[in-house]
>>> print(open('upload.cif').read())   # mmCIF, C-alpha atoms
data_structure
#
loop_
_atom_site.group_PDB
_atom_site.id
_atom_site.type_symbol
_atom_site.label_atom_id
_atom_site.label_comp_id
_atom_site.auth_asym_id
_atom_site.auth_seq_id
_atom_site.Cartn_x
_atom_site.Cartn_y
_atom_site.Cartn_z
ATOM 1 C CA MET G 1074 18.041 -11.075 55.196
ATOM 2 C CA THR G 1075 15.407 -8.381 55.535
ATOM 3 C CA ALA G 1076 12.875 -7.564 52.819
ATOM 4 C CA ASP G 1077 14.862 -4.433 51.849
ATOM 5 C CA GLY G 1078 18.154 -6.385 51.642
ATOM 6 C CA LEU G 1079 19.751 -4.397 54.457
ATOM 7 C CA GLU G 1080 21.152 -6.926 56.836
ATOM 8 C CA PHE G 1081 24.766 -6.614 57.938
ATOM 9 C CA GLU G 1082 26.828 -9.074 59.917
ATOM 10 C CA ILE G 1083 28.283 -8.103 63.273
ATOM 11 C CA LYS G 1084 30.982 -9.982 65.131
ATOM 12 C CA ILE G 1085 30.975 -9.541 68.913
ATOM 13 C CA HIS G 1086 34.508 -9.040 70.260
ATOM 14 C CA ASP G 1087 33.517 -8.143 73.833
ATOM 15 C CA LYS G 1088 31.152 -10.662 75.423
ATOM 16 C CA ARG G 1089 29.921 -8.040 77.932
ATOM 17 C CA LEU G 1090 27.798 -6.581 75.115
ATOM 18 C CA HIS G 1091 25.420 -9.493 75.700
ATOM 19 C CA GLU G 1092 24.786 -8.015 79.190
ATOM 20 C CA TRP G 1093 24.960 -4.308 78.285
ATOM 21 C CA GLY G 1094 22.983 -4.663 75.081
ATOM 22 C CA LEU G 1095 23.936 -5.629 71.570
ATOM 23 C CA PRO G 1096 24.134 -2.818 69.011
ATOM 24 C CA ARG G 1097 20.530 -1.823 68.289
ATOM 25 C CA TYR G 1098 18.207 1.084 67.685
ATOM 26 C CA HIS G 1099 16.681 2.405 70.911
ATOM 27 C CA SER G 1100 13.481 3.739 69.350
ATOM 28 C CA ASP G 1101 11.401 3.004 66.274
ATOM 29 C CA PHE G 1102 12.654 6.142 64.517
ATOM 30 C CA ALA G 1103 16.242 6.289 65.807
ATOM 31 C CA ALA G 1104 18.767 7.034 63.067
ATOM 32 C CA GLY G 1105 21.702 5.425 64.853
ATOM 33 C CA ILE G 1106 22.621 2.478 67.002
ATOM 34 C CA ASP G 1107 24.238 3.377 70.303
ATOM 35 C CA LEU G 1108 27.820 2.269 70.903
ATOM 36 C CA HIS G 1109 28.995 1.103 74.325
ATOM 37 C CA ALA G 1110 32.359 1.936 75.858
ATOM 38 C CA CYS G 1111 34.033 -1.466 76.129
ATOM 39 C CA LEU G 1112 36.458 -0.548 78.887
ATOM 40 C CA ASP G 1113 37.950 -2.677 81.645
ATOM 41 C CA ALA G 1114 37.796 0.201 84.142
ATOM 42 C CA PRO G 1115 36.304 3.707 84.268
ATOM 43 C CA ILE G 1116 38.374 6.446 82.645
ATOM 44 C CA ASP G 1117 38.473 10.203 83.082
ATOM 45 C CA LEU G 1118 38.673 12.280 79.923
ATOM 46 C CA VAL G 1119 40.565 15.417 80.915
ATOM 47 C CA PRO G 1120 39.443 18.596 79.124
ATOM 48 C CA GLN G 1121 41.496 19.310 75.988
ATOM 49 C CA ALA G 1122 43.728 16.234 76.503
ATOM 50 C CA PRO G 1123 44.398 14.059 73.442
ATOM 51 C CA ALA G 1124 41.503 11.921 72.259
ATOM 52 C CA VAL G 1125 41.249 8.355 73.561
ATOM 53 C CA LEU G 1126 40.363 5.351 71.378
ATOM 54 C CA ILE G 1127 37.667 3.238 73.008
ATOM 55 C CA SER G 1128 36.548 -0.117 71.646
ATOM 56 C CA SER G 1129 32.883 -0.566 70.743
ATOM 57 C CA GLY G 1130 33.348 -4.294 71.300
ATOM 58 C CA PHE G 1131 32.186 -5.368 67.856
ATOM 59 C CA ALA G 1132 32.930 -5.327 64.141
ATOM 60 C CA VAL G 1133 30.433 -4.871 61.332
ATOM 61 C CA LEU G 1134 30.727 -5.991 57.730
ATOM 62 C CA MET G 1135 28.494 -4.173 55.268
ATOM 63 C CA HIS G 1136 30.308 -5.334 52.124
ATOM 64 C CA ARG G 1137 28.219 -3.085 49.854
ATOM 65 C CA GLN G 1138 29.715 -0.214 47.854
ATOM 66 C CA ASP G 1139 26.562 1.845 48.322
ATOM 67 C CA VAL G 1140 26.688 2.007 52.149
ATOM 68 C CA ALA G 1141 29.091 3.311 54.790
ATOM 69 C CA ALA G 1142 28.738 3.684 58.536
ATOM 70 C CA PHE G 1143 29.514 6.872 60.413
ATOM 71 C CA VAL G 1144 30.385 7.108 64.101
ATOM 72 C CA LEU G 1145 28.898 10.264 65.615
ATOM 73 C CA PRO G 1146 28.659 11.734 69.108
ATOM 74 C CA ARG G 1147 25.480 11.117 71.083
ATOM 75 C CA SER G 1148 23.694 14.454 71.015
ATOM 76 C CA GLY G 1149 22.953 14.678 74.739
ATOM 77 C CA LEU G 1150 26.489 13.816 75.854
ATOM 78 C CA GLY G 1151 28.004 16.354 73.493
ATOM 79 C CA HIS G 1152 25.666 19.130 74.571
ATOM 80 C CA LYS G 1153 25.400 18.427 78.289
ATOM 81 C CA LYS G 1154 28.853 17.068 79.108
ATOM 82 C CA GLY G 1155 31.120 18.107 76.209
ATOM 83 C CA LEU G 1156 31.861 14.538 75.088
ATOM 84 C CA VAL G 1157 32.503 14.577 71.338
ATOM 85 C CA LEU G 1158 34.614 12.609 68.891
ATOM 86 C CA GLY G 1159 38.287 13.410 68.593
ATOM 87 C CA ASN G 1160 38.107 12.991 64.829
ATOM 88 C CA GLY G 1161 34.767 14.799 64.409
ATOM 89 C CA THR G 1162 33.153 11.904 62.561
ATOM 90 C CA GLY G 1163 34.432 8.385 62.070
ATOM 91 C CA CYS G 1164 33.851 6.794 58.675
ATOM 92 C CA ILE G 1165 33.600 3.005 58.541
ATOM 93 C CA ASP G 1166 34.095 1.832 54.967
ATOM 94 C CA ALA G 1167 31.976 -1.031 53.670
ATOM 95 C CA ASP G 1168 34.988 -3.360 53.421
ATOM 96 C CA TYR G 1169 36.336 -2.624 56.934
ATOM 97 C CA ALA G 1170 35.867 -5.715 59.095
ATOM 98 C CA ALA G 1171 37.873 -4.972 62.253
ATOM 99 C CA THR G 1172 36.691 -3.658 65.631
ATOM 100 C CA VAL G 1173 34.934 -0.306 65.499
ATOM 101 C CA TYR G 1174 36.630 2.264 67.738
ATOM 102 C CA ILE G 1175 35.302 5.500 69.178
ATOM 103 C CA SER G 1176 37.680 8.461 69.338
ATOM 104 C CA ALA G 1177 36.434 10.128 72.531
ATOM 105 C CA TRP G 1178 37.424 13.714 73.387
ATOM 106 C CA ASN G 1179 36.471 16.180 76.110
ATOM 107 C CA ARG G 1180 35.933 19.514 74.317
ATOM 108 C CA ASN G 1181 35.443 21.486 77.544
ATOM 109 C CA PRO G 1182 37.896 24.249 78.468
ATOM 110 C CA PRO G 1183 40.993 23.495 80.532
ATOM 111 C CA GLY G 1184 40.378 23.592 84.254
ATOM 112 C CA THR G 1185 36.866 22.130 84.082
ATOM 113 C CA ARG G 1186 36.057 18.703 85.452
ATOM 114 C CA PRO G 1187 36.979 15.537 83.547
ATOM 115 C CA ILE G 1188 34.246 13.457 81.943
ATOM 116 C CA LEU G 1189 33.986 10.062 83.624
ATOM 117 C CA ILE G 1190 33.255 7.200 81.224
ATOM 118 C CA GLN G 1191 32.076 3.940 82.755
ATOM 119 C CA PRO G 1192 32.472 0.479 81.196
ATOM 120 C CA GLY G 1193 29.309 -0.281 79.223
ATOM 121 C CA GLU G 1194 28.161 3.350 78.994
ATOM 122 C CA ARG G 1195 26.629 4.359 75.675
ATOM 123 C CA ILE G 1196 28.983 7.080 74.424
ATOM 124 C CA ALA G 1197 28.521 7.341 70.649
ATOM 125 C CA GLN G 1198 26.233 6.233 67.839
ATOM 126 C CA MET G 1199 26.630 4.655 64.432
ATOM 127 C CA VAL G 1200 24.538 5.743 61.464
ATOM 128 C CA PHE G 1201 24.433 3.898 58.141
ATOM 129 C CA LEU G 1202 24.194 6.109 55.058
ATOM 130 C CA PRO G 1203 23.967 5.600 51.314
ATOM 131 C CA ILE G 1204 27.132 6.403 49.393
ATOM 132 C CA LEU G 1205 27.483 7.668 45.834
ATOM 133 C CA ARG G 1206 30.699 6.777 44.016
ATOM 134 C CA PRO G 1207 30.706 8.878 40.841
ATOM 135 C CA ARG G 1208 33.403 8.703 38.198
ATOM 136 C CA LEU G 1209 35.432 11.921 38.164
ATOM 137 C CA ARG G 1210 36.200 13.513 34.800
ATOM 138 C CA VAL G 1211 38.857 16.227 34.566
ATOM 139 C CA VAL G 1212 37.692 19.294 32.578
ATOM 140 C CA ASP G 1213 39.141 22.723 31.803
ATOM 141 C CA GLU G 1214 35.743 24.402 32.264
ATOM 142 C CA PHE G 1215 32.500 23.200 33.836
ATOM 143 C CA SER G 1216 29.669 22.381 31.425
ATOM 144 C CA ASN G 1217 27.148 24.488 33.393
ATOM 145 C CA VAL G 1218 27.264 27.844 35.122
ATOM 146 C CA THR G 1219 25.521 28.315 38.467
ATOM 147 C CA GLY G 1220 24.116 31.455 40.016
ATOM 148 C CA ARG G 1221 26.828 31.321 42.639
ATOM 149 C CA GLY G 1222 29.555 30.568 40.144
ATOM 150 C CA THR G 1223 33.075 30.424 41.525
ATOM 151 C CA GLY G 1224 32.386 32.886 44.356
ATOM 152 C CA GLY G 1225 33.692 30.353 46.845
ATOM 153 C CA PHE G 1226 33.371 29.889 50.567
ATOM 154 C CA GLY G 1227 31.079 32.472 52.177
ATOM 155 C CA SER G 1228 30.173 34.087 48.869
ATOM 156 C CA THR G 1229 26.435 34.020 49.536
ATOM 157 C CA GLY G 1230 26.855 36.513 52.378
ATOM 158 C CA PHE G 1231 25.888 34.138 55.174
#
>>> encode(input="upload.cif", output="structure tokens")
Amino acid sequence: MTADGLEFEIKIHDKRLHEWGLPRYHSDFAAGIDLHACLDAPIDLVPQAPAVLISSGFAVLMHRQDVAAFVLPRSGLGHKKGLVLGNGTGCIDADYAATVYISAWNRNPPGTRPILIQPGERIAQMVFLPILRPRLRVVDEFSNVTGRGTGGFGSTGF
């Protein structure tokens, strides 16, 4: 266990991660650990085709109510190649203990080239974030009034 108490267990389901690199941070200030595409063969993601589930090759158990993991696109691949997540963001609950999957999607317009994903390629990242779990109390009126009030979506003019 680390001094801050943040040590989670991972279970390796794809032994090739020992060659490609176990989940880790790639710089001292990285927010996320990179996730490898645990594929048996390269795949082409056709633009606008349905998203494909790709195994990360491991499971993580956080088992703390105050933490969740989020699977996000790698910034460079999303910007340069159009590789994003089919579900936008994947949320891994603290009690989930099965393989982590990456929903990979090619957001590029139809008619453009497919995105080739190679076995072992780093295609997404996982970020661990604190979670608040407040009790929800039903009220007829809120106890405070804000400057924005109930203006709703877009009501600030931006």
>>> closest_residue(input="upload.cif", among="G:Ala1124, G:Ala1171, G:Leu1090, G:Cys1164", to="Cys1111 of chain G", atoms="only C-alpha atoms")
G:Leu1090
>>> residues_around(input="upload.cif", residues="Tyr1174 of chain G", least_positions_apart="2", cutoff="9 Å", atoms="all atoms listed in the file", output="PyMOL selection string")
chain G and resi 1126-1131+1144+1163+1172+1176
>>> residues_around(input="upload.cif", residues="Leu1150 of chain G", least_positions_apart="3", cutoff="12 Å", atoms="all atoms listed in the file", output="PyMOL selection string")
chain G and resi 1145-1147+1153-1158+1177-1181+1188-1190+1194-1198
>>> atom_distance(input="upload.cif", atom1="atom CA of Glu1080 of chain G", atom2="atom CA of Pro1207 of chain G")
24.4 Å
>>> resolve_selection(input="upload.cif", expression="the PyMOL selection byres ((chain G and resi 1184) around 12)", output="MDAnalysis selection string")
chainID G and resid 1119:1122 1179:1183 1185:1187
>>> write_last_selection(input="upload.cif", atoms="C-alpha atoms", output="PDB file, in the frame of the given file")
ATOM      1  CA  VAL G1119      40.565  15.417  80.915  1.00  0.00           C
ATOM      2  CA  PRO G1120      39.443  18.596  79.124  1.00  0.00           C
ATOM      3  CA  GLN G1121      41.496  19.310  75.988  1.00  0.00           C
ATOM      4  CA  ALA G1122      43.728  16.234  76.503  1.00  0.00           C
ATOM      5  CA  ASN G1179      36.471  16.180  76.110  1.00  0.00           C
ATOM      6  CA  ARG G1180      35.933  19.514  74.317  1.00  0.00           C
ATOM      7  CA  ASN G1181      35.443  21.486  77.544  1.00  0.00           C
ATOM      8  CA  PRO G1182      37.896  24.249  78.468  1.00  0.00           C
ATOM      9  CA  PRO G1183      40.993  23.495  80.532  1.00  0.00           C
ATOM     10  CA  THR G1185      36.866  22.130  84.082  1.00  0.00           C
ATOM     11  CA  ARG G1186      36.057  18.703  85.452  1.00  0.00           C
ATOM     12  CA  PRO G1187      36.979  15.537  83.547  1.00  0.00           C
TER      13      PRO G1187
END
>>> resolve_selection(input="upload.cif", expression="the PyMOL selection byres ((chain G and resi 1139) around 8)", output="PDB file with C-alpha atoms, in the frame of the given file")
ATOM      1  CA  ARG G1137      28.219  -3.085  49.854  1.00  0.00           C
ATOM      2  CA  GLN G1138      29.715  -0.214  47.854  1.00  0.00           C
ATOM      3  CA  VAL G1140      26.688   2.007  52.149  1.00  0.00           C
ATOM      4  CA  ALA G1141      29.091   3.311  54.790  1.00  0.00           C
ATOM      5  CA  PRO G1203      23.967   5.600  51.314  1.00  0.00           C
ATOM      6  CA  ILE G1204      27.132   6.403  49.393  1.00  0.00           C
ATOM      7  CA  LEU G1205      27.483   7.668  45.834  1.00  0.00           C
ATOM      8  CA  ARG G1206      30.699   6.777  44.016  1.00  0.00           C
TER       9      ARG G1206
END
>>> resolve_selection(input="upload.cif", expression="the PyMOL selection byres ((chain G and resi 1087) around 12)", output="CSV table (one decimal) with C-alpha atoms, in the coordinates of the input")
chain,number,residue,atom,x,y,z
G,1083,ILE,CA,28.3,-8.1,63.3
G,1084,LYS,CA,31.0,-10.0,65.1
G,1085,ILE,CA,31.0,-9.5,68.9
G,1086,HIS,CA,34.5,-9.0,70.3
G,1088,LYS,CA,31.2,-10.7,75.4
G,1089,ARG,CA,29.9,-8.0,77.9
G,1090,LEU,CA,27.8,-6.6,75.1
G,1091,HIS,CA,25.4,-9.5,75.7
G,1092,GLU,CA,24.8,-8.0,79.2
G,1093,TRP,CA,25.0,-4.3,78.3
G,1094,GLY,CA,23.0,-4.7,75.1
G,1095,LEU,CA,23.9,-5.6,71.6
G,1096,PRO,CA,24.1,-2.8,69.0
G,1109,HIS,CA,29.0,1.1,74.3
G,1110,ALA,CA,32.4,1.9,75.9
G,1111,CYS,CA,34.0,-1.5,76.1
G,1112,LEU,CA,36.5,-0.5,78.9
G,1113,ASP,CA,38.0,-2.7,81.6
G,1128,SER,CA,36.5,-0.1,71.6
G,1129,SER,CA,32.9,-0.6,70.7
G,1130,GLY,CA,33.3,-4.3,71.3
G,1131,PHE,CA,32.2,-5.4,67.9
G,1132,ALA,CA,32.9,-5.3,64.1
G,1172,THR,CA,36.7,-3.7,65.6
G,1173,VAL,CA,34.9,-0.3,65.5
G,1192,PRO,CA,32.5,0.5,81.2
G,1193,GLY,CA,29.3,-0.3,79.2
>>> atom_distance(input="upload.cif", atom1="atom CA of His1136 of chain G", atom2="atom CA of Asp1107 of chain G")
21.1 Å
>>> atom_distance(input="upload.cif", atom1="atom CA of Phe1201 of chain G", atom2="atom CA of Gly1161 of chain G")
16.3 Å
>>> build_atoms(input="upload.cif", residues="segment 1169-1181 of chain G", atoms="N, CA and C atoms", output="compact mmCIF listing (two decimals), in the frame of the given file")
# COMPACT_ATOMS: atom_id res chain seq x y z
N TYR G 1169 35.63 -2.57 55.64
CA TYR G 1169 36.34 -2.62 56.93
C TYR G 1169 35.67 -3.69 57.79
N ALA G 1170 36.45 -4.60 58.34
CA ALA G 1170 35.87 -5.72 59.10
C ALA G 1170 36.51 -5.89 60.47
N ALA G 1171 37.23 -4.89 60.94
CA ALA G 1171 37.87 -4.97 62.25
C ALA G 1171 36.99 -4.28 63.30
N THR G 1172 37.44 -4.30 64.55
CA THR G 1172 36.69 -3.66 65.63
C THR G 1172 36.46 -2.18 65.33
N VAL G 1173 35.27 -1.72 65.62
CA VAL G 1173 34.93 -0.31 65.50
C VAL G 1173 35.41 0.39 66.77
N TYR G 1174 36.15 1.48 66.60
CA TYR G 1174 36.63 2.26 67.74
C TYR G 1174 35.97 3.63 67.76
N ILE G 1175 35.88 4.18 68.95
CA ILE G 1175 35.30 5.50 69.18
C ILE G 1175 36.43 6.41 69.65
N SER G 1176 36.67 7.49 68.93
CA SER G 1176 37.68 8.46 69.34
C SER G 1176 36.99 9.48 70.25
N ALA G 1177 37.14 9.30 71.55
CA ALA G 1177 36.43 10.13 72.53
C ALA G 1177 37.30 11.30 72.98
N TRP G 1178 36.69 12.49 73.04
CA TRP G 1178 37.42 13.71 73.39
C TRP G 1178 36.55 14.61 74.24
N ASN G 1179 37.15 15.23 75.24
CA ASN G 1179 36.47 16.18 76.11
C ASN G 1179 36.76 17.58 75.58
N ARG G 1180 35.76 18.21 74.96
CA ARG G 1180 35.93 19.51 74.32
C ARG G 1180 35.87 20.68 75.29
N ASN G 1181 35.60 20.42 76.56
CA ASN G 1181 35.44 21.49 77.54
C ASN G 1181 36.76 22.23 77.76
